[in-house]
Amino acid sequence: MDLYFSPLACSLASRIVIYEAGGQANFHRVDTRTGRTADGADYRRINPKGLVPALRTDEGEVLTENAAILQYLADKFPNAGLAPTGFERYRLQQWLSFIGSELHKVVFTPLLSPRAGAEEKAAAVEAGKERLAYLDEQLEGREYLLDRFSVADAYLAAVLNWAQAVKFDLTPYPNVTAYRARLRERPAVNKASTEELALYQAA
């Protein structure tokens with residue numbers, strides 16, 4: 001299994017899940033600006049969108065998009081219990097959609113983009129306040145998004161990690177900040193984040 005990633009990008013979620021499940025993968029770093037892997041290969045031949053993550057399965061199939069990859073990994077390692085079954089699976093998909101659409105794309109993509117103007121960034125901050133207030137409310141009295149740690153938490157760990165980079169203040173959201181601290185204490189989250197931070201800083 002091959003995971004194509006960029007340090008501290010949303011592909012961090014897949015690394016967390018692999019570690020959480022005790023799985024093994026070959027990790028291939030991608031420079032999304034040049035569209036090349038670390039060995040110089042044309043990444044667009046693997047993922048024509050040029051984005052990370054991408055996953056090549058042991059059978060040679062290629063998957064893209066976080067929600068698809070994370071659920072594939074959860075199903076590949078069922079004993080890890082990283083995705084529920086039955087109706088709760090739809091709850092998982094609901095959270096994956098919220099994180100991907102409402103936080104990743106609406107809030108943090110503009111804030112991280114050097115091409116976004118001041119007005120666009122200001123709009124992203126306002127959108128973030130509303131969405132994080134919702135998240136804070138949903139986390140009231142809960143350890144994780146569902147009844148136990150899931151692939152949605154791995155994705156949210158990666159996304160909330162960007163708040164520091166863009167100086168988005170999370171202190172008005174005490175449930176979110178406590179949740180983020182709990183995530184950082186998980187060995188898989190800590191290991192994956194530490195490894196990718198070192199790679200990012202060495203670039």
# chains A, B, ... in the order shown; residues from 1 in each chain; ligands from 1
call {"tool": "closest_atom_pairs", "arguments": {"of": "range 24-110 of chain A", "to": "range 2-17 of chain A", "cutoff": "7 Å", "atoms": "only C-alpha atoms", "output": "JSON lines"}}
result
{"residue": "A:Ala25", "atom": "CA", "partner": "A:Asp2", "partner_atom": "CA", "distance": 5.6}
{"residue": "A:Asn26", "atom": "CA", "partner": "A:Asp2", "partner_atom": "CA", "distance": 4.7}
{"residue": "A:Phe27", "atom": "CA", "partner": "A:Leu3", "partner_atom": "CA", "distance": 5.0}
{"residue": "A:His28", "atom": "CA", "partner": "A:Tyr4", "partner_atom": "CA", "distance": 4.7}
{"residue": "A:Arg29", "atom": "CA", "partner": "A:Phe5", "partner_atom": "CA", "distance": 5.2}
{"residue": "A:Val30", "atom": "CA", "partner": "A:Ser6", "partner_atom": "CA", "distance": 5.3}
{"residue": "A:Asp31", "atom": "CA", "partner": "A:Ser6", "partner_atom": "CA", "distance": 6.7}
{"residue": "A:Val52", "atom": "CA", "partner": "A:Phe5", "partner_atom": "CA", "distance": 5.4}
{"residue": "A:Pro53", "atom": "CA", "partner": "A:Ser11", "partner_atom": "CA", "distance": 4.7}
{"residue": "A:Ala54", "atom": "CA", "partner": "A:Tyr4", "partner_atom": "CA", "distance": 5.1}
{"residue": "A:Leu55", "atom": "CA", "partner": "A:Leu3", "partner_atom": "CA", "distance": 4.7}
{"residue": "A:Arg56", "atom": "CA", "partner": "A:Asp2", "partner_atom": "CA", "distance": 5.0}
{"residue": "A:Thr57", "atom": "CA", "partner": "A:Asp2", "partner_atom": "CA", "distance": 6.6}
{"residue": "A:Leu70", "atom": "CA", "partner": "A:Ser14", "partner_atom": "CA", "distance": 6.1}
call {"tool": "select_by_dssp", "arguments": {"residues": "chain A", "states": "strand (DSSP E or B)", "output": "PDB file with N, CA and C atoms, in the first residue's frame"}}
result
ATOM      1  N   ASP A   2       0.562   2.184  -0.866  1.00  0.00           N
ATOM      2  CA  ASP A   2       1.360   3.404  -1.015  1.00  0.00           C
ATOM      3  C   ASP A   2       0.493   4.618  -0.719  1.00  0.00           C
ATOM      4  N   LEU A   3       0.965   5.458   0.204  1.00  0.00           N
ATOM      5  CA  LEU A   3       0.261   6.700   0.507  1.00  0.00           C
ATOM      6  C   LEU A   3       1.094   7.869   0.011  1.00  0.00           C
ATOM      7  N   TYR A   4       0.487   8.711  -0.802  1.00  0.00           N
ATOM      8  CA  TYR A   4       1.136   9.914  -1.325  1.00  0.00           C
ATOM      9  C   TYR A   4       0.671  11.099  -0.480  1.00  0.00           C
ATOM     10  N   PHE A   5       1.629  11.837   0.067  1.00  0.00           N
ATOM     11  CA  PHE A   5       1.314  12.863   1.058  1.00  0.00           C
ATOM     12  C   PHE A   5       2.208  14.085   0.881  1.00  0.00           C
ATOM     13  N   ASN A  26       3.867   2.373   2.448  1.00  0.00           N
ATOM     14  CA  ASN A  26       5.004   3.107   1.906  1.00  0.00           C
ATOM     15  C   ASN A  26       4.548   4.554   1.733  1.00  0.00           C
ATOM     16  N   PHE A  27       5.277   5.482   2.344  1.00  0.00           N
ATOM     17  CA  PHE A  27       4.899   6.897   2.294  1.00  0.00           C
ATOM     18  C   PHE A  27       5.746   7.612   1.247  1.00  0.00           C
ATOM     19  N   HIS A  28       5.061   8.256   0.296  1.00  0.00           N
ATOM     20  CA  HIS A  28       5.734   8.946  -0.798  1.00  0.00           C
ATOM     21  C   HIS A  28       5.425  10.439  -0.714  1.00  0.00           C
ATOM     22  N   ARG A  29       6.458  11.222  -0.477  1.00  0.00           N
ATOM     23  CA  ARG A  29       6.264  12.664  -0.359  1.00  0.00           C
ATOM     24  C   ARG A  29       6.015  13.284  -1.733  1.00  0.00           C
ATOM     25  N   VAL A  30       5.087  14.239  -1.763  1.00  0.00           N
ATOM     26  CA  VAL A  30       4.719  14.930  -3.003  1.00  0.00           C
ATOM     27  C   VAL A  30       4.922  16.428  -2.819  1.00  0.00           C
ATOM     28  N   ASP A  31       5.557  17.049  -3.788  1.00  0.00           N
ATOM     29  CA  ASP A  31       5.619  18.510  -3.846  1.00  0.00           C
ATOM     30  C   ASP A  31       4.472  18.944  -4.751  1.00  0.00           C
ATOM     31  N   ARG A  36       5.605  16.816  -8.445  1.00  0.00           N
ATOM     32  CA  ARG A  36       6.569  15.710  -8.493  1.00  0.00           C
ATOM     33  C   ARG A  36       6.648  15.010  -7.143  1.00  0.00           C
ATOM     34  N   THR A  37       6.896  13.717  -7.196  1.00  0.00           N
ATOM     35  CA  THR A  37       7.172  12.976  -5.977  1.00  0.00           C
ATOM     36  C   THR A  37       8.642  13.163  -5.623  1.00  0.00           C
ATOM     37  N   ASP A  42       6.222  12.052 -12.065  1.00  0.00           N
ATOM     38  CA  ASP A  42       5.104  12.956 -12.326  1.00  0.00           C
ATOM     39  C   ASP A  42       3.899  12.486 -11.507  1.00  0.00           C
ATOM     40  N   ALA A  54      -3.303  10.569  -2.048  1.00  0.00           N
ATOM     41  CA  ALA A  54      -3.718   9.512  -2.954  1.00  0.00           C
ATOM     42  C   ALA A  54      -3.222   8.212  -2.338  1.00  0.00           C
ATOM     43  N   LEU A  55      -3.986   7.164  -2.541  1.00  0.00           N
ATOM     44  CA  LEU A  55      -3.626   5.860  -1.986  1.00  0.00           C
ATOM     45  C   LEU A  55      -3.648   4.817  -3.091  1.00  0.00           C
ATOM     46  N   ARG A  56      -2.548   4.097  -3.236  1.00  0.00           N
ATOM     47  CA  ARG A  56      -2.528   2.940  -4.133  1.00  0.00           C
ATOM     48  C   ARG A  56      -2.631   1.693  -3.271  1.00  0.00           C
ATOM     49  N   VAL A  62      -6.125   2.938  -7.351  1.00  0.00           N
ATOM     50  CA  VAL A  62      -5.786   4.250  -6.788  1.00  0.00           C
ATOM     51  C   VAL A  62      -7.056   4.941  -6.319  1.00  0.00           C
ATOM     52  N   LEU A  63      -7.004   5.407  -5.069  1.00  0.00           N
ATOM     53  CA  LEU A  63      -8.098   6.186  -4.494  1.00  0.00           C
ATOM     54  C   LEU A  63      -7.607   7.601  -4.212  1.00  0.00           C
ATOM     55  N   THR A  64      -8.485   8.582  -4.412  1.00  0.00           N
ATOM     56  CA  THR A  64      -8.203   9.960  -4.023  1.00  0.00           C
ATOM     57  C   THR A  64      -9.375  10.453  -3.177  1.00  0.00           C
TER      58      THR A  64
END
call {"tool": "select_by_dssp", "arguments": {"residues": "range 24-198 of chain A", "states": "helix (DSSP H, G or I)", "output": "number ranges by chain"}}
result
A: 43-45, 66-76, 78-80, 87-112, 118-138, 151-160, 162-165, 174-185, 187-198
call {"tool": "atom_distance", "arguments": {"atom1": "CA of Ser97 in chain A", "atom2": "CA of Leu82 in chain A"}}
result
16.4 Å
call {"tool": "residues_around", "arguments": {"residues": "Asn190 in chain A", "least_positions_apart": "2", "cutoff": "12 Å", "atoms": "only C-alpha atoms", "output": "PDB file with N, CA and C atoms, in the first residue's frame"}}
result
ATOM      1  N   LEU A  12      -2.203  14.028   6.313  1.00  0.00           N
ATOM      2  CA  LEU A  12      -1.796  13.635   7.656  1.00  0.00           C
ATOM      3  C   LEU A  12      -2.834  12.701   8.276  1.00  0.00           C
ATOM      4  N   ALA A  13      -4.104  12.925   7.972  1.00  0.00           N
ATOM      5  CA  ALA A  13      -5.171  12.091   8.536  1.00  0.00           C
ATOM      6  C   ALA A  13      -4.981  10.624   8.182  1.00  0.00           C
ATOM      7  N   ARG A  15      -2.138   9.081   7.494  1.00  0.00           N
ATOM      8  CA  ARG A  15      -0.999   8.561   8.262  1.00  0.00           C
ATOM      9  C   ARG A  15      -1.442   8.237   9.691  1.00  0.00           C
ATOM     10  N   ILE A  16      -2.228   9.134  10.286  1.00  0.00           N
ATOM     11  CA  ILE A  16      -2.739   8.887  11.637  1.00  0.00           C
ATOM     12  C   ILE A  16      -3.523   7.581  11.681  1.00  0.00           C
ATOM     13  N   VAL A  17      -4.399   7.385  10.718  1.00  0.00           N
ATOM     14  CA  VAL A  17      -5.246   6.190  10.698  1.00  0.00           C
ATOM     15  C   VAL A  17      -4.408   4.925  10.529  1.00  0.00           C
ATOM     16  N   TYR A  19      -1.322   4.463  11.448  1.00  0.00           N
ATOM     17  CA  TYR A  19      -0.638   4.223  12.722  1.00  0.00           C
ATOM     18  C   TYR A  19      -1.629   3.742  13.778  1.00  0.00           C
ATOM     19  N   GLU A  20      -2.793   4.350  13.821  1.00  0.00           N
ATOM     20  CA  GLU A  20      -3.817   3.970  14.795  1.00  0.00           C
ATOM     21  C   GLU A  20      -4.212   2.495  14.618  1.00  0.00           C
ATOM     22  N   ALA A 154      -9.442  11.708  13.035  1.00  0.00           N
ATOM     23  CA  ALA A 154      -8.118  11.824  12.407  1.00  0.00           C
ATOM     24  C   ALA A 154      -8.103  12.981  11.409  1.00  0.00           C
ATOM     25  N   ALA A 157      -8.240  16.260  13.317  1.00  0.00           N
ATOM     26  CA  ALA A 157      -6.933  16.544  13.926  1.00  0.00           C
ATOM     27  C   ALA A 157      -6.032  17.254  12.935  1.00  0.00           C
ATOM     28  N   ALA A 158      -6.029  16.789  11.683  1.00  0.00           N
ATOM     29  CA  ALA A 158      -5.202  17.414  10.647  1.00  0.00           C
ATOM     30  C   ALA A 158      -5.661  18.837  10.352  1.00  0.00           C
ATOM     31  N   ASN A 161      -5.046  21.378  13.155  1.00  0.00           N
ATOM     32  CA  ASN A 161      -3.613  21.643  13.231  1.00  0.00           C
ATOM     33  C   ASN A 161      -3.233  22.922  12.483  1.00  0.00           C
ATOM     34  N   ARG A 180      -8.967  19.002  21.022  1.00  0.00           N
ATOM     35  CA  ARG A 180      -7.686  19.023  20.305  1.00  0.00           C
ATOM     36  C   ARG A 180      -6.552  18.523  21.203  1.00  0.00           C
ATOM     37  N   ALA A 181      -6.580  18.899  22.462  1.00  0.00           N
ATOM     38  CA  ALA A 181      -5.562  18.425  23.409  1.00  0.00           C
ATOM     39  C   ALA A 181      -5.650  16.916  23.592  1.00  0.00           C
ATOM     40  N   ARG A 182      -6.864  16.372  23.659  1.00  0.00           N
ATOM     41  CA  ARG A 182      -7.032  14.916  23.775  1.00  0.00           C
ATOM     42  C   ARG A 182      -6.472  14.205  22.560  1.00  0.00           C
ATOM     43  N   LEU A 183      -6.736  14.760  21.387  1.00  0.00           N
ATOM     44  CA  LEU A 183      -6.228  14.140  20.163  1.00  0.00           C
ATOM     45  C   LEU A 183      -4.709  14.081  20.174  1.00  0.00           C
ATOM     46  N   ARG A 184      -4.084  15.171  20.602  1.00  0.00           N
ATOM     47  CA  ARG A 184      -2.620  15.228  20.602  1.00  0.00           C
ATOM     48  C   ARG A 184      -2.002  14.210  21.551  1.00  0.00           C
ATOM     49  N   GLU A 185      -2.776  13.776  22.539  1.00  0.00           N
ATOM     50  CA  GLU A 185      -2.270  12.791  23.492  1.00  0.00           C
ATOM     51  C   GLU A 185      -2.321  11.365  22.948  1.00  0.00           C
ATOM     52  N   ARG A 186      -3.078  11.155  21.885  1.00  0.00           N
ATOM     53  CA  ARG A 186      -3.137   9.800  21.321  1.00  0.00           C
ATOM     54  C   ARG A 186      -1.794   9.489  20.650  1.00  0.00           C
ATOM     55  N   PRO A 187      -1.225   8.331  20.921  1.00  0.00           N
ATOM     56  CA  PRO A 187       0.096   8.000  20.364  1.00  0.00           C
ATOM     57  C   PRO A 187       0.166   8.106  18.846  1.00  0.00           C
ATOM     58  N   ALA A 188      -0.868   7.648  18.148  1.00  0.00           N
ATOM     59  CA  ALA A 188      -0.835   7.676  16.681  1.00  0.00           C
ATOM     60  C   ALA A 188      -0.849   9.107  16.155  1.00  0.00           C
ATOM     61  N   ALA A 192       2.402  10.686  14.167  1.00  0.00           N
ATOM     62  CA  ALA A 192       2.227  11.163  12.792  1.00  0.00           C
ATOM     63  C   ALA A 192       2.518  12.656  12.690  1.00  0.00           C
ATOM     64  N   SER A 193       2.006  13.434  13.643  1.00  0.00           N
ATOM     65  CA  SER A 193       2.191  14.886  13.608  1.00  0.00           C
ATOM     66  C   SER A 193       3.658  15.264  13.807  1.00  0.00           C
ATOM     67  N   THR A 194       4.325  14.585  14.716  1.00  0.00           N
ATOM     68  CA  THR A 194       5.738  14.874  14.978  1.00  0.00           C
ATOM     69  C   THR A 194       6.594  14.559  13.763  1.00  0.00           C
ATOM     70  N   GLU A 195       6.335  13.424  13.134  1.00  0.00           N
ATOM     71  CA  GLU A 195       7.096  13.044  11.943  1.00  0.00           C
ATOM     72  C   GLU A 195       6.906  14.054  10.819  1.00  0.00           C
ATOM     73  N   GLU A 196       5.666  14.448  10.590  1.00  0.00           N
ATOM     74  CA  GLU A 196       5.407  15.343   9.459  1.00  0.00           C
ATOM     75  C   GLU A 196       5.892  16.770   9.747  1.00  0.00           C
ATOM     76  N   LEU A 197       5.834  17.194  10.999  1.00  0.00           N
ATOM     77  CA  LEU A 197       6.368  18.508  11.346  1.00  0.00           C
ATOM     78  C   LEU A 197       7.863  18.544  11.052  1.00  0.00           C
TER      79      LEU A 197
END
call {"tool": "closest_residue", "arguments": {"among": "A:Ala67, A:Val176, A:Ile99, A:Leu199", "to": "Gly141 in chain A", "atoms": "only C-alpha atoms"}}
result
A:Val176
call {"tool": "residues_around", "arguments": {"residues": "range 169-173 of chain A", "least_positions_apart": "4", "cutoff": "7 Å", "atoms": "only C-alpha atoms", "output": "VMD selection string"}}
result
chain A and resid 133 136 177
call {"tool": "atom_distance", "arguments": {"atom1": "CA of Lys121 in chain A", "atom2": "CA of Trp162 in chain A"}}
result
14.3 Å
call {"tool": "residues_around", "arguments": {"residues": "Leu111 in chain A", "least_positions_apart": "2", "cutoff": "7 Å", "atoms": "only C-alpha atoms", "output": "PyMOL selection string"}}
result
chain A and resi 107-109+113+121+124+166
call {"tool": "write_last_selection", "arguments": {"atoms": "N, CA and C atoms", "output": "short mmCIF file (atom, residue, chain, number, x, y, z; two decimals), in the first residue's frame"}}
result
data_model
loop_
_atom_site.label_atom_id
_atom_site.label_comp_id
_atom_site.auth_asym_id
_atom_site.auth_seq_id
_atom_site.Cartn_x
_atom_site.Cartn_y
_atom_site.Cartn_z
N VAL A 107 -13.07 27.42 5.32
CA VAL A 107 -12.33 28.22 6.29
C VAL A 107 -10.83 28.20 6.01
N PHE A 108 -10.23 27.03 6.05
CA PHE A 108 -8.77 26.98 6.07
C PHE A 108 -8.12 27.08 4.69
N THR A 109 -8.78 26.64 3.65
CA THR A 109 -8.18 26.79 2.32
C THR A 109 -7.91 28.26 1.98
N SER A 113 -4.10 30.08 1.74
CA SER A 113 -3.73 30.38 0.36
C SER A 113 -3.02 31.74 0.24
N LYS A 121 -10.05 36.35 2.99
CA LYS A 121 -9.58 35.82 4.27
C LYS A 121 -10.48 36.26 5.42
N ALA A 124 -13.48 34.15 5.41
CA ALA A 124 -13.17 32.81 5.92
C ALA A 124 -13.13 32.80 7.44
N VAL A 166 -2.34 29.66 10.74
CA VAL A 166 -3.03 30.86 10.24
C VAL A 166 -3.45 31.80 11.37
#
call {"tool": "closest_residue", "arguments": {"among": "A:Leu103, A:Ala38, A:Leu146, A:Ala118", "to": "Leu132 in chain A", "atoms": "only C-alpha atoms"}}
result
A:Leu103
call {"tool": "closest_residue", "arguments": {"among": "A:Ala41, A:Val159, A:Leu96, A:Ala116", "to": "Glu65 in chain A", "atoms": "only C-alpha atoms"}}
result
A:Leu96
call {"tool": "closest_residue", "arguments": {"among": "A:Lys167, A:Val125, A:Phe98, A:Gly86", "to": "Pro110 in chain A", "atoms": "only C-alpha atoms"}}
result
A:Val125
call {"tool": "decode", "arguments": {"residues": "range 51-82 of chain A", "atoms": "N, CA, C and O atoms", "output": "PDB file, in the first residue's frame"}}
result
ATOM      1  N   LEU A  51      -3.486  16.687  -6.223  1.00  0.00           N
ATOM      2  CA  LEU A  51      -3.687  16.942  -4.800  1.00  0.00           C
ATOM      3  C   LEU A  51      -3.359  15.704  -3.974  1.00  0.00           C
ATOM      4  O   LEU A  51      -3.398  14.582  -4.474  1.00  0.00           O
ATOM      5  N   VAL A  52      -3.058  15.925  -2.711  1.00  0.00           N
ATOM      6  CA  VAL A  52      -2.880  14.814  -1.782  1.00  0.00           C
ATOM      7  C   VAL A  52      -4.083  14.781  -0.837  1.00  0.00           C
ATOM      8  O   VAL A  52      -4.734  15.802  -0.634  1.00  0.00           O
ATOM      9  N   PRO A  53      -4.377  13.589  -0.300  1.00  0.00           N
ATOM     10  CA  PRO A  53      -3.652  12.333  -0.475  1.00  0.00           C
ATOM     11  C   PRO A  53      -4.118  11.567  -1.700  1.00  0.00           C
ATOM     12  O   PRO A  53      -5.166  11.861  -2.287  1.00  0.00           O
ATOM     13  N   ALA A  54      -3.303  10.569  -2.048  1.00  0.00           N
ATOM     14  CA  ALA A  54      -3.718   9.512  -2.954  1.00  0.00           C
ATOM     15  C   ALA A  54      -3.222   8.212  -2.338  1.00  0.00           C
ATOM     16  O   ALA A  54      -2.177   8.189  -1.690  1.00  0.00           O
ATOM     17  N   LEU A  55      -3.986   7.164  -2.541  1.00  0.00           N
ATOM     18  CA  LEU A  55      -3.626   5.860  -1.986  1.00  0.00           C
ATOM     19  C   LEU A  55      -3.648   4.817  -3.091  1.00  0.00           C
ATOM     20  O   LEU A  55      -4.642   4.703  -3.814  1.00  0.00           O
ATOM     21  N   ARG A  56      -2.548   4.097  -3.236  1.00  0.00           N
ATOM     22  CA  ARG A  56      -2.528   2.940  -4.133  1.00  0.00           C
ATOM     23  C   ARG A  56      -2.631   1.693  -3.271  1.00  0.00           C
ATOM     24  O   ARG A  56      -1.807   1.458  -2.388  1.00  0.00           O
ATOM     25  N   THR A  57      -3.669   0.915  -3.497  1.00  0.00           N
ATOM     26  CA  THR A  57      -3.902  -0.272  -2.686  1.00  0.00           C
ATOM     27  C   THR A  57      -2.938  -1.387  -3.083  1.00  0.00           C
ATOM     28  O   THR A  57      -2.240  -1.302  -4.099  1.00  0.00           O
ATOM     29  N   ASP A  58      -2.922  -2.436  -2.281  1.00  0.00           N
ATOM     30  CA  ASP A  58      -2.079  -3.588  -2.586  1.00  0.00           C
ATOM     31  C   ASP A  58      -2.489  -4.238  -3.906  1.00  0.00           C
ATOM     32  O   ASP A  58      -1.685  -4.924  -4.535  1.00  0.00           O
ATOM     33  N   GLU A  59      -3.740  -4.011  -4.306  1.00  0.00           N
ATOM     34  CA  GLU A  59      -4.233  -4.567  -5.573  1.00  0.00           C
ATOM     35  C   GLU A  59      -3.956  -3.655  -6.758  1.00  0.00           C
ATOM     36  O   GLU A  59      -4.309  -3.976  -7.895  1.00  0.00           O
ATOM     37  N   GLY A  60      -3.363  -2.480  -6.499  1.00  0.00           N
ATOM     38  CA  GLY A  60      -3.006  -1.563  -7.575  1.00  0.00           C
ATOM     39  C   GLY A  60      -4.057  -0.528  -7.903  1.00  0.00           C
ATOM     40  O   GLY A  60      -3.872   0.275  -8.819  1.00  0.00           O
ATOM     41  N   GLU A  61      -5.172  -0.508  -7.160  1.00  0.00           N
ATOM     42  CA  GLU A  61      -6.204   0.507  -7.370  1.00  0.00           C
ATOM     43  C   GLU A  61      -5.770   1.821  -6.718  1.00  0.00           C
ATOM     44  O   GLU A  61      -5.130   1.818  -5.661  1.00  0.00           O
ATOM     45  N   VAL A  62      -6.125   2.938  -7.351  1.00  0.00           N
ATOM     46  CA  VAL A  62      -5.786   4.250  -6.788  1.00  0.00           C
ATOM     47  C   VAL A  62      -7.056   4.941  -6.319  1.00  0.00           C
ATOM     48  O   VAL A  62      -8.040   5.034  -7.052  1.00  0.00           O
ATOM     49  N   LEU A  63      -7.004   5.407  -5.069  1.00  0.00           N
ATOM     50  CA  LEU A  63      -8.098   6.186  -4.494  1.00  0.00           C
ATOM     51  C   LEU A  63      -7.607   7.601  -4.212  1.00  0.00           C
ATOM     52  O   LEU A  63      -6.459   7.790  -3.807  1.00  0.00           O
ATOM     53  N   THR A  64      -8.485   8.582  -4.412  1.00  0.00           N
ATOM     54  CA  THR A  64      -8.203   9.960  -4.023  1.00  0.00           C
ATOM     55  C   THR A  64      -9.375  10.453  -3.177  1.00  0.00           C
ATOM     56  O   THR A  64     -10.396   9.769  -3.071  1.00  0.00           O
ATOM     57  N   GLU A  65      -9.221  11.611  -2.589  1.00  0.00           N
ATOM     58  CA  GLU A  65     -10.199  12.268  -1.724  1.00  0.00           C
ATOM     59  C   GLU A  65     -10.173  11.655  -0.327  1.00  0.00           C
ATOM     60  O   GLU A  65     -10.304  10.451  -0.138  1.00  0.00           O
ATOM     61  N   ASN A  66     -10.022  12.540   0.647  1.00  0.00           N
ATOM     62  CA  ASN A  66      -9.867  12.132   2.042  1.00  0.00           C
ATOM     63  C   ASN A  66     -10.962  11.195   2.535  1.00  0.00           C
ATOM     64  O   ASN A  66     -10.679  10.164   3.149  1.00  0.00           O
ATOM     65  N   ALA A  67     -12.215  11.565   2.328  1.00  0.00           N
ATOM     66  CA  ALA A  67     -13.316  10.764   2.872  1.00  0.00           C
ATOM     67  C   ALA A  67     -13.282   9.338   2.349  1.00  0.00           C
ATOM     68  O   ALA A  67     -13.527   8.388   3.099  1.00  0.00           O
ATOM     69  N   ALA A  68     -12.971   9.173   1.068  1.00  0.00           N
ATOM     70  CA  ALA A  68     -12.916   7.835   0.478  1.00  0.00           C
ATOM     71  C   ALA A  68     -11.741   7.044   1.034  1.00  0.00           C
ATOM     72  O   ALA A  68     -11.875   5.869   1.411  1.00  0.00           O
ATOM     73  N   ILE A  69     -10.570   7.676   1.089  1.00  0.00           N
ATOM     74  CA  ILE A  69      -9.372   6.985   1.558  1.00  0.00           C
ATOM     75  C   ILE A  69      -9.508   6.593   3.020  1.00  0.00           C
ATOM     76  O   ILE A  69      -9.182   5.458   3.414  1.00  0.00           O
ATOM     77  N   LEU A  70     -10.005   7.490   3.842  1.00  0.00           N
ATOM     78  CA  LEU A  70     -10.120   7.199   5.271  1.00  0.00           C
ATOM     79  C   LEU A  70     -11.088   6.052   5.531  1.00  0.00           C
ATOM     80  O   LEU A  70     -10.824   5.176   6.370  1.00  0.00           O
ATOM     81  N   GLN A  71     -12.186   6.013   4.805  1.00  0.00           N
ATOM     82  CA  GLN A  71     -13.133   4.910   4.989  1.00  0.00           C
ATOM     83  C   GLN A  71     -12.575   3.596   4.443  1.00  0.00           C
ATOM     84  O   GLN A  71     -12.813   2.524   5.021  1.00  0.00           O
ATOM     85  N   TYR A  72     -11.816   3.677   3.370  1.00  0.00           N
ATOM     86  CA  TYR A  72     -11.158   2.465   2.866  1.00  0.00           C
ATOM     87  C   TYR A  72     -10.204   1.915   3.922  1.00  0.00           C
ATOM     88  O   TYR A  72     -10.192   0.703   4.189  1.00  0.00           O
ATOM     89  N   LEU A  73      -9.400   2.794   4.515  1.00  0.00           N
ATOM     90  CA  LEU A  73      -8.444   2.349   5.526  1.00  0.00           C
ATOM     91  C   LEU A  73      -9.160   1.757   6.740  1.00  0.00           C
ATOM     92  O   LEU A  73      -8.723   0.742   7.303  1.00  0.00           O
ATOM     93  N   ALA A  74     -10.267   2.378   7.145  1.00  0.00           N
ATOM     94  CA  ALA A  74     -11.031   1.848   8.273  1.00  0.00           C
ATOM     95  C   ALA A  74     -11.542   0.444   7.971  1.00  0.00           C
ATOM     96  O   ALA A  74     -11.514  -0.444   8.831  1.00  0.00           O
ATOM     97  N   ASP A  75     -11.998   0.234   6.747  1.00  0.00           N
ATOM     98  CA  ASP A  75     -12.514  -1.083   6.364  1.00  0.00           C
ATOM     99  C   ASP A  75     -11.396  -2.097   6.158  1.00  0.00           C
ATOM    100  O   ASP A  75     -11.602  -3.305   6.342  1.00  0.00           O
ATOM    101  N   LYS A  76     -10.226  -1.633   5.782  1.00  0.00           N
ATOM    102  CA  LYS A  76      -9.082  -2.531   5.595  1.00  0.00           C
ATOM    103  C   LYS A  76      -8.596  -3.078   6.933  1.00  0.00           C
ATOM    104  O   LYS A  76      -8.077  -4.197   7.004  1.00  0.00           O
ATOM    105  N   PHE A  77      -8.750  -2.268   7.988  1.00  0.00           N
ATOM    106  CA  PHE A  77      -8.306  -2.679   9.321  1.00  0.00           C
ATOM    107  C   PHE A  77      -9.508  -2.678  10.271  1.00  0.00           C
ATOM    108  O   PHE A  77      -9.579  -1.860  11.201  1.00  0.00           O
ATOM    109  N   PRO A  78     -10.462  -3.576  10.065  1.00  0.00           N
ATOM    110  CA  PRO A  78     -11.712  -3.517  10.832  1.00  0.00           C
ATOM    111  C   PRO A  78     -11.525  -3.708  12.334  1.00  0.00           C
ATOM    112  O   PRO A  78     -12.308  -3.179  13.120  1.00  0.00           O
ATOM    113  N   ASN A  79     -10.504  -4.444  12.728  1.00  0.00           N
ATOM    114  CA  ASN A  79     -10.300  -4.692  14.163  1.00  0.00           C
ATOM    115  C   ASN A  79      -9.947  -3.423  14.933  1.00  0.00           C
ATOM    116  O   ASN A  79     -10.065  -3.387  16.163  1.00  0.00           O
ATOM    117  N   ALA A  80      -9.502  -2.388  14.220  1.00  0.00           N
ATOM    118  CA  ALA A  80      -9.167  -1.124  14.889  1.00  0.00           C
ATOM    119  C   ALA A  80     -10.407  -0.329  15.274  1.00  0.00           C
ATOM    120  O   ALA A  80     -10.325   0.611  16.072  1.00  0.00           O
ATOM    121  N   GLY A  81     -11.557  -0.676  14.704  1.00  0.00           N
ATOM    122  CA  GLY A  81     -12.805  -0.011  15.062  1.00  0.00           C
ATOM    123  C   GLY A  81     -12.842   1.466  14.730  1.00  0.00           C
ATOM    124  O   GLY A  81     -13.376   2.264  15.496  1.00  0.00           O
ATOM    125  N   LEU A  82     -12.307   1.847  13.565  1.00  0.00           N
ATOM    126  CA  LEU A  82     -12.191   3.264  13.212  1.00  0.00           C
ATOM    127  C   LEU A  82     -13.360   3.796  12.389  1.00  0.00           C
ATOM    128  O   LEU A  82     -13.393   4.969  12.035  1.00  0.00           O
TER     129      LEU A  82
END
